[in-house]
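Below: the structure, in structure tokens.
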Amino acid sequence: MAANTNELNDMTKKLYMSMGIDEKVYDFCNEIWNGLEERFDKIRKVSEFNQAKVLKAMQDNKVSEACLLGTTGYGYNDIGRDKLEAVYASIFHTEDALVRPQITCGTHALALALMSNLRPGDELLAPAGKPYDTLEEVIGIRPSKGSLAEYGVTYRQVDLFEDGSFDYESIKKAINDKTKLVAIQRSKGYQTRPTFSVEKIGELISFVKGIKSDVIVMVDNCYGEFVETIEPSDVGADMVVGSLIKNPGGGLAPIGGYIAGKKECVENAAYRLTSPGLGKEVGASLGILPQFYQGLFLSPNVTASALMGAIFAANIYEKLGFSVLPNGIEERYDIIQAITFNDPKLLTSFCEGIQYAAPVDSYVTPEPWDMPGYDSQVIMAAGAFVSGSSIELSADGPLREPYSVFFQGGLTWQHAKFGIMKTLAVMYEKGLVTLTN
């Protein structure tokens, strides 16, 4: 006999308690998630729109069973690879796209876009403050072999105002004859500043192009795909760049990155990725295309689940008195939730909870370490099916003040919900937080 709703709720609560969720933690969280249905319904509607957009792109480009077969060796005439890139171009409304397993991560995709479209004597401008930590060595802010600085590319930066808005006057002054490329990071990275909406990015692009029309604008789109109904390429970006082990891979892509944009920009990236004279013509897909296609197909729904988890986390920790960004009621423009603890014990405990909630390596306790590309120790929690996948339930943060954690992912809303409850359960068990309903 099937259980009624009340019986099912009791069964679920008991199961969670058997998985280490204290009853007080469960009740505290239950009160909060019961009030989020209206927010979640809006997210589902955006997800439905984006799902239709992805499906239409696949249908319009006549994706066939043959597209899933892949190639080896040189990869000549790989119809599935070429068709997938056409699908990406359709989704992002761009002239072309490069979507390859040979792009190892988001940082690689961004470096590829920058290094292929900048030449010695050019200048790169960051109008939204310091970029993500791993790009510092790419640019040469921190010296590194093969950086843009070593190739004679200069760098200029305009910091945001304290409220996270653009300093348009300083940006105007920073643009000069050498300015070749403007790089905008959509998400916050390891900073406690707001993520930019596509609308705000469009306003900045329009401003920059009004000063220098031929400047290339690249947007780091990591963590933002399918959060809104439009993408930065819809508001004037010449290139949008991201990782397939984040939103657009849907949790199935085991590696890869993409660059979508103007044909010349994408071709430059392709020649840099492979070789002058070869470009997009080579690069075997090695049997990986089914995961790329199916992951992309699932990504709007997976992104929606991650968004729900982020909103749940914001409301939980805001009620506990911590500073959260975005807050519990603000609009969302990426899947990342920042929580500032001002205490390394709380930061590490949060990450422990995420790890203990994982389907893989749940018995492992994460510890801070000297991770390549970062200037301070970082703690990362991600018991994922794909190593390092941040569209799966994950959390990380640098061990430096103000000791903020950056939570993201969740292939399903249910898993994201459990992960957040588990973080609170770890803190509660250690006596680091007090619960009051």
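Each chain in the structure tokens gets a letter, A, B, ..., in the order shown, and its residues are numbered from 1; ligands are numbered from 1 in order too.
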Query - Secondary structure check, helix (DSSP H, G or I) residues of range 85-212 of chain A, as a PyMOL selection string - result: chain A and resi 85-92+106-117+135-139+149-151+168-174+198-211
May I have a table of the residues of range 23-126 of chain A lying at most 12 Å from range 271-283 of chain A, giving each one's closest pair of atoms and their distance in Å to one decimal, counting only C-alpha atoms, ordered by chain and ascending residue number, as a tab-separated table?
```
residue	atom	partner	partner_atom	distance
A:Gly70	CA	A:Gly283	CA	10.5
A:Thr71	CA	A:Gly283	CA	8.7
A:Thr72	CA	A:Gly283	CA	8.3
A:Gly73	CA	A:Gly283	CA	7.8
A:Tyr74	CA	A:Val282	CA	5.3
A:Gly75	CA	A:Gly283	CA	5.0
A:Tyr76	CA	A:Val282	CA	5.6
A:Asn77	CA	A:Glu281	CA	7.4
A:Asp78	CA	A:Val282	CA	8.5
A:Ile79	CA	A:Glu281	CA	10.8
A:Gly80	CA	A:Gly283	CA	11.8
A:Arg81	CA	A:Gly283	CA	8.8
A:Asp82	CA	A:Lys280	CA	8.6
A:Glu85	CA	A:Lys280	CA	10.2
A:Asp96	CA	A:Lys280	CA	10.9
A:Ala97	CA	A:Lys280	CA	9.8
A:Leu98	CA	A:Lys280	CA	7.7
A:Val99	CA	A:Lys280	CA	9.8
A:Arg100	CA	A:Gly283	CA	7.7
A:Pro101	CA	A:Gly283	CA	8.6
A:Gln102	CA	A:Gly283	CA	7.5
A:Ile103	CA	A:Leu273	CA	7.9
A:Thr104	CA	A:Leu273	CA	10.9
A:His108	CA	A:Leu273	CA	9.9
A:Ala109	CA	A:Leu273	CA	9.5
A:Leu110	CA	A:Leu273	CA	11.8
A:Ala111	CA	A:Arg272	CA	10.3
A:Leu112	CA	A:Arg272	CA	7.0
A:Ala113	CA	A:Arg272	CA	8.8
A:Leu114	CA	A:Arg272	CA	10.2
A:Met115	CA	A:Arg272	CA	7.8
A:Ser116	CA	A:Arg272	CA	5.7
A:Asn117	CA	A:Arg272	CA	9.3
A:Leu118	CA	A:Arg272	CA	11.3
```
Keeping C-alpha atoms for every residue in the selection just given, could you write it to a file as a compact mmCIF listing (two decimals), in the first residue's frame?
```txt
# COMPACT_ATOMS: atom_id res chain seq x y z
CA GLY A 70 32.74 10.07 -32.58
CA THR A 71 36.18 9.68 -34.14
CA THR A 72 39.78 8.79 -33.31
CA GLY A 73 43.15 9.88 -34.65
CA TYR A 74 43.09 13.20 -36.45
CA GLY A 75 39.32 13.49 -36.14
CA TYR A 76 38.77 14.59 -39.73
CA ASN A 77 35.11 14.91 -40.75
CA ASP A 78 33.78 14.38 -37.24
CA ILE A 79 30.15 15.19 -37.91
CA GLY A 80 29.10 14.87 -34.28
CA ARG A 81 31.77 17.29 -33.10
CA ASP A 82 30.94 19.80 -35.83
CA GLU A 85 29.49 23.22 -32.17
CA ASP A 96 30.55 30.00 -34.44
CA ALA A 97 31.61 27.89 -31.46
CA LEU A 98 34.50 25.71 -30.35
CA VAL A 99 33.46 22.85 -28.03
CA ARG A 100 36.22 20.35 -27.36
CA PRO A 101 37.37 17.74 -24.85
CA GLN A 102 40.90 18.99 -25.57
CA ILE A 103 39.99 22.13 -23.58
CA THR A 104 40.83 20.85 -20.13
CA HIS A 108 42.20 26.73 -20.08
CA ALA A 109 39.22 27.92 -22.13
CA LEU A 110 39.70 31.50 -20.93
CA ALA A 111 43.45 31.39 -21.50
CA LEU A 112 42.85 30.02 -24.98
CA ALA A 113 40.40 32.81 -25.83
CA LEU A 114 42.78 35.47 -24.53
CA MET A 115 46.04 34.16 -25.96
CA SER A 116 44.56 33.52 -29.40
CA ASN A 117 43.06 36.99 -29.78
CA LEU A 118 45.81 39.13 -28.24
```
Requested in this report: Just list the residues in range 16-210 of chain A DSSP gives strand (DSSP E or B) on the backbone, as a list in words.
Outcome: Asp96, Ala97, Leu98, Val99, Arg100, Glu123, Leu124, Leu125, Ala126, Thr154, Tyr155, Arg156, Gln157, Thr179, Lys180, Leu181, Val182, Ala183, Ile184 and Gln185 of chain A
Query raised in the report: Can you tell me, as a ChimeraX atom specification, what residues are no more than 8 Å from range 246-260 of chain A when counting only C-alpha atoms, ignoring any on the same chain fewer than 6 positions away?
Result: /A:88-89,92,94-106,108-109,113,222-226,239-240,266,288,291-292,294-300,302-303,386-387,389-392,411
Write out the residues from the selection above, keeping N, CA and C atoms, as a CSV table (one decimal), in the first residue's frame.
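Here's the written file selection_17.csv:
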```csv
chain,number,residue,atom,x,y,z
A,88,TYR,N,25.8,24.7,-30.1
A,88,TYR,CA,26.2,25.7,-29.2
A,88,TYR,C,26.0,27.1,-29.8
A,89,ALA,N,26.4,27.2,-31.1
A,89,ALA,CA,26.3,28.5,-31.7
A,89,ALA,C,24.8,28.9,-31.8
A,92,PHE,N,23.6,30.0,-28.2
A,92,PHE,CA,24.2,31.3,-27.8
A,92,PHE,C,24.0,32.4,-28.8
A,94,THR,N,25.4,32.9,-31.8
A,94,THR,CA,26.7,33.4,-32.2
A,94,THR,C,27.0,32.8,-33.6
A,95,GLU,N,28.1,33.4,-34.2
A,95,GLU,CA,28.5,33.0,-35.6
A,95,GLU,C,29.1,31.6,-35.6
A,96,ASP,N,29.8,31.2,-34.5
A,96,ASP,CA,30.5,30.0,-34.4
A,96,ASP,C,30.8,29.6,-33.0
A,97,ALA,N,31.3,28.4,-32.8
A,97,ALA,CA,31.6,27.9,-31.5
A,97,ALA,C,32.7,26.8,-31.6
A,98,LEU,N,33.5,26.7,-30.5
A,98,LEU,CA,34.5,25.7,-30.4
A,98,LEU,C,34.2,25.0,-29.1
A,99,VAL,N,33.8,23.7,-29.2
A,99,VAL,CA,33.5,22.9,-28.0
A,99,VAL,C,34.3,21.6,-28.1
A,100,ARG,N,35.3,21.4,-27.2
A,100,ARG,CA,36.2,20.4,-27.4
A,100,ARG,C,36.6,19.7,-26.0
A,101,PRO,N,36.8,18.4,-26.0
A,101,PRO,CA,37.4,17.7,-24.9
A,101,PRO,C,38.8,18.1,-24.6
A,102,GLN,N,39.5,18.6,-25.7
A,102,GLN,CA,40.9,19.0,-25.6
A,102,GLN,C,41.1,20.3,-24.7
A,103,ILE,N,40.0,21.0,-24.5
A,103,ILE,CA,40.0,22.1,-23.6
A,103,ILE,C,39.8,21.6,-22.2
A,104,THR,N,40.8,21.6,-21.4
A,104,THR,CA,40.8,20.8,-20.1
A,104,THR,C,40.0,21.4,-19.0
A,105,CYS,N,39.7,22.7,-19.0
A,105,CYS,CA,39.0,23.3,-17.8
A,105,CYS,C,38.6,24.7,-18.2
A,106,GLY,N,37.9,25.4,-17.3
A,106,GLY,CA,37.5,26.8,-17.6
A,106,GLY,C,38.6,27.7,-17.7
A,108,HIS,N,41.6,27.0,-18.8
A,108,HIS,CA,42.2,26.7,-20.1
A,108,HIS,C,41.4,27.4,-21.2
A,109,ALA,N,40.1,27.3,-21.1
A,109,ALA,CA,39.2,27.9,-22.1
A,109,ALA,C,39.4,29.4,-22.2
A,113,ALA,N,41.1,31.7,-25.2
A,113,ALA,CA,40.4,32.8,-25.8
A,113,ALA,C,41.3,34.1,-25.8
A,222,CYS,N,31.3,31.3,-16.8
A,222,CYS,CA,31.3,30.2,-15.9
A,222,CYS,C,30.3,30.4,-14.8
A,223,TYR,N,29.5,29.3,-14.5
A,223,TYR,CA,28.5,29.3,-13.5
A,223,TYR,C,27.2,30.0,-13.9
A,224,GLY,N,27.2,30.7,-15.0
A,224,GLY,CA,26.0,31.5,-15.3
A,224,GLY,C,25.1,31.0,-16.4
A,225,GLU,N,25.6,30.0,-17.2
A,225,GLU,CA,24.8,29.5,-18.3
A,225,GLU,C,23.4,28.9,-17.8
A,226,PHE,N,22.4,29.3,-18.5
A,226,PHE,CA,21.0,28.9,-18.3
A,226,PHE,C,20.4,29.3,-17.0
A,239,MET,N,32.7,37.1,-27.4
A,239,MET,CA,33.0,35.7,-27.0
A,239,MET,C,32.4,35.5,-25.7
A,240,VAL,N,31.8,34.3,-25.5
A,240,VAL,CA,31.4,33.8,-24.2
A,240,VAL,C,32.2,32.5,-24.0
A,266,VAL,N,36.6,32.8,-32.8
A,266,VAL,CA,36.6,31.4,-32.6
A,266,VAL,C,37.6,30.7,-33.4
A,288,ILE,N,33.3,10.6,-26.7
A,288,ILE,CA,32.8,11.4,-25.6
A,288,ILE,C,31.5,12.2,-25.9
A,291,GLN,N,28.0,12.0,-23.9
A,291,GLN,CA,27.9,12.7,-22.7
A,291,GLN,C,27.8,14.2,-22.9
A,292,PHE,N,28.5,14.7,-24.0
A,292,PHE,CA,28.4,16.2,-24.3
A,292,PHE,C,27.0,16.5,-24.7
A,294,GLN,N,24.0,14.8,-24.3
A,294,GLN,CA,23.0,14.5,-23.2
A,294,GLN,C,23.2,15.4,-22.0
A,295,GLY,N,24.5,15.7,-21.7
A,295,GLY,CA,24.7,16.7,-20.6
A,295,GLY,C,24.1,18.1,-20.9
A,296,LEU,N,24.3,18.5,-22.2
A,296,LEU,CA,23.8,19.8,-22.6
A,296,LEU,C,22.3,19.8,-22.6
A,297,PHE,N,21.7,18.7,-23.0
A,297,PHE,CA,20.2,18.5,-23.0
A,297,PHE,C,19.7,18.6,-21.6
A,298,LEU,N,20.4,18.1,-20.6
A,298,LEU,CA,19.9,18.1,-19.2
A,298,LEU,C,20.3,19.3,-18.5
A,299,SER,N,21.2,20.1,-19.0
A,299,SER,CA,21.8,21.2,-18.2
A,299,SER,C,20.8,22.3,-17.7
A,300,PRO,N,19.7,22.7,-18.5
A,300,PRO,CA,18.8,23.6,-17.9
A,300,PRO,C,18.1,23.2,-16.6
A,302,VAL,N,19.4,20.7,-14.5
A,302,VAL,CA,20.4,20.6,-13.5
A,302,VAL,C,20.8,22.0,-13.0
A,303,THR,N,20.9,23.0,-13.8
A,303,THR,CA,21.2,24.3,-13.4
A,303,THR,C,20.0,24.8,-12.4
A,386,VAL,N,32.4,13.2,-11.5
A,386,VAL,CA,33.4,13.8,-12.4
A,386,VAL,C,34.3,14.6,-11.5
A,387,SER,N,35.6,14.3,-11.5
A,387,SER,CA,36.6,14.9,-10.6
A,387,SER,C,36.6,16.5,-10.8
A,389,SER,N,34.1,18.5,-10.7
A,389,SER,CA,32.9,19.1,-11.3
A,389,SER,C,32.2,20.0,-10.3
A,390,SER,N,32.0,21.2,-10.7
A,390,SER,CA,31.3,22.2,-9.7
A,390,SER,C,29.9,22.4,-10.1
A,391,ILE,N,29.3,21.6,-11.1
A,391,ILE,CA,27.9,21.6,-11.2
A,391,ILE,C,27.3,20.5,-10.3
A,392,GLU,N,28.2,19.6,-9.9
A,392,GLU,CA,27.8,18.7,-8.8
A,392,GLU,C,28.0,19.4,-7.5
A,411,LEU,N,23.2,18.1,-8.7
A,411,LEU,CA,22.6,17.6,-9.9
A,411,LEU,C,21.1,17.4,-9.8
```
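In this model, the gap between CA of Gly409 in chain A and CA of Gln59 in chain A comes to 28.0 Å.
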Query raised in the report: CA of Leu424 in chain A to CA of Tyr356 in chain A: how many Å, to one decimal?
Result: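 Between CA of Leu424 in chain A and CA of Tyr356 in chain A the gap is 11.6 Å.
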Write out as a tab-separated table a residue-level contact list of range 242-272 of chain A versus range 208-221 of chain A with cut-off 9 Å: for each qualifying residue the closest pair of atoms and the distance in Å to one decimal, counting only C-alpha atoms, rows sorted by chain and residue number upward.
```
residue	atom	partner	partner_atom	distance
A:Gly242	CA	A:Asn221	CA	5.4
A:Ser243	CA	A:Asn221	CA	8.6
A:Gly261	CA	A:Met218	CA	8.9
A:Cys265	CA	A:Ile216	CA	8.6
```
Please produce a file of the residues just selected, as a compact mmCIF listing (two decimals), in the first residue's frame, where the atoms kept are N, CA and C atoms.
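part-v2.txt, freshly written:
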```
# COMPACT_ATOMS: atom_id res chain seq x y z
N GLY A 242 33.30 29.16 -21.29
CA GLY A 242 32.94 28.41 -20.10
C GLY A 242 33.48 27.01 -20.09
N SER A 243 33.16 26.29 -19.03
CA SER A 243 33.62 24.93 -18.78
C SER A 243 32.47 23.95 -18.87
N GLY A 261 31.17 32.59 -30.17
CA GLY A 261 31.25 34.01 -30.49
C GLY A 261 31.43 34.30 -31.95
N CYS A 265 37.04 35.32 -33.96
CA CYS A 265 37.54 35.04 -32.61
C CYS A 265 37.63 33.54 -32.34
```
**Report entry** Selection: 12 Å around Thr436 in chain A, only C-alpha atoms, excl. self and same-chain fewer than 3 positions, as a count of residues only
**Finding:** 12
Query raised in the report: Which residues, written as a VMD selection string, have at least one atom at most 12 Å from Gly328 in chain A, with only C-alpha atoms counted and residues fewer than 5 positions away on the same chain left out?
Result: chain A and resid 32 to 33 35 to 36 39 307 to 323 337 to 339
**Report entry** Residue with smallest distance to Thr229 in chain A - pool A:Asn4, A:Ser197, A:Ser285, A:Gln355, counting only C-alpha atoms
**Finding:** A:Ser197
Query raised in the report: Restricting the calculation to only C-alpha atoms, which member of A:Ile91, A:Ala128, A:Ala86, A:Ile205 is positioned closest to Val54 in chain A?
Result: A:Ile91
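Here CA of Val153 in chain A is placed at a distance of 19.1 Å from CA of Gln185 in chain A.
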Report task. Identify, on the basis of only C-alpha atoms, every residue whose closest approach to Arg332 in chain A does not exceed 8 Å; exclude the query and any residue fewer than 3 positions from it along the same chain; express the result as a PyMOL selection string. Result -> chain A and resi 227+307+326+335
Would you export the selected residues with C-alpha atoms as a short mmCIF file (atom, residue, chain, number, x, y, z; two decimals), in the first residue's frame, please?
```cif
data_model
loop_
_atom_site.label_atom_id
_atom_site.label_comp_id
_atom_site.auth_asym_id
_atom_site.auth_seq_id
_atom_site.Cartn_x
_atom_site.Cartn_y
_atom_site.Cartn_z
CA VAL A 227 20.39 30.85 -15.10
CA LEU A 307 19.88 27.42 -8.12
CA PRO A 326 23.29 37.00 -2.74
CA ILE A 335 24.67 29.21 -9.21
#
```
Report task. May I have the residues within 10 Å of range 429-431 of chain A as a VMD selection string, using only C-alpha atoms and disregarding those fewer than 5 positions away in the same chain? Result -> chain A and resid 20 to 22 25 345 to 346 349 424
Save the residues we just selected, N, CA and C atoms, as a compact mmCIF listing (two decimals), in the first residue's frame?
```
# COMPACT_ATOMS: atom_id res chain seq x y z
N GLY A 20 22.58 11.10 9.71
CA GLY A 20 23.35 12.07 10.48
C GLY A 20 22.74 13.44 10.59
N ILE A 21 21.46 13.59 10.25
CA ILE A 21 20.81 14.89 10.38
C ILE A 21 20.04 14.93 11.69
N ASP A 22 20.49 15.75 12.62
CA ASP A 22 19.81 15.88 13.91
C ASP A 22 18.38 16.38 13.69
N VAL A 25 18.01 20.08 13.50
CA VAL A 25 18.50 20.60 12.23
C VAL A 25 17.45 20.41 11.15
N LYS A 345 37.22 27.74 11.29
CA LYS A 345 36.57 26.50 11.74
C LYS A 345 35.21 26.32 11.07
N LEU A 346 34.47 27.41 10.92
CA LEU A 346 33.17 27.32 10.28
C LEU A 346 33.32 27.03 8.79
N SER A 349 34.27 23.37 8.47
CA SER A 349 33.14 22.52 8.87
C SER A 349 32.08 22.47 7.79
N LEU A 424 24.97 22.07 8.07
CA LEU A 424 24.45 22.60 9.33
C LEU A 424 24.55 21.55 10.44
```
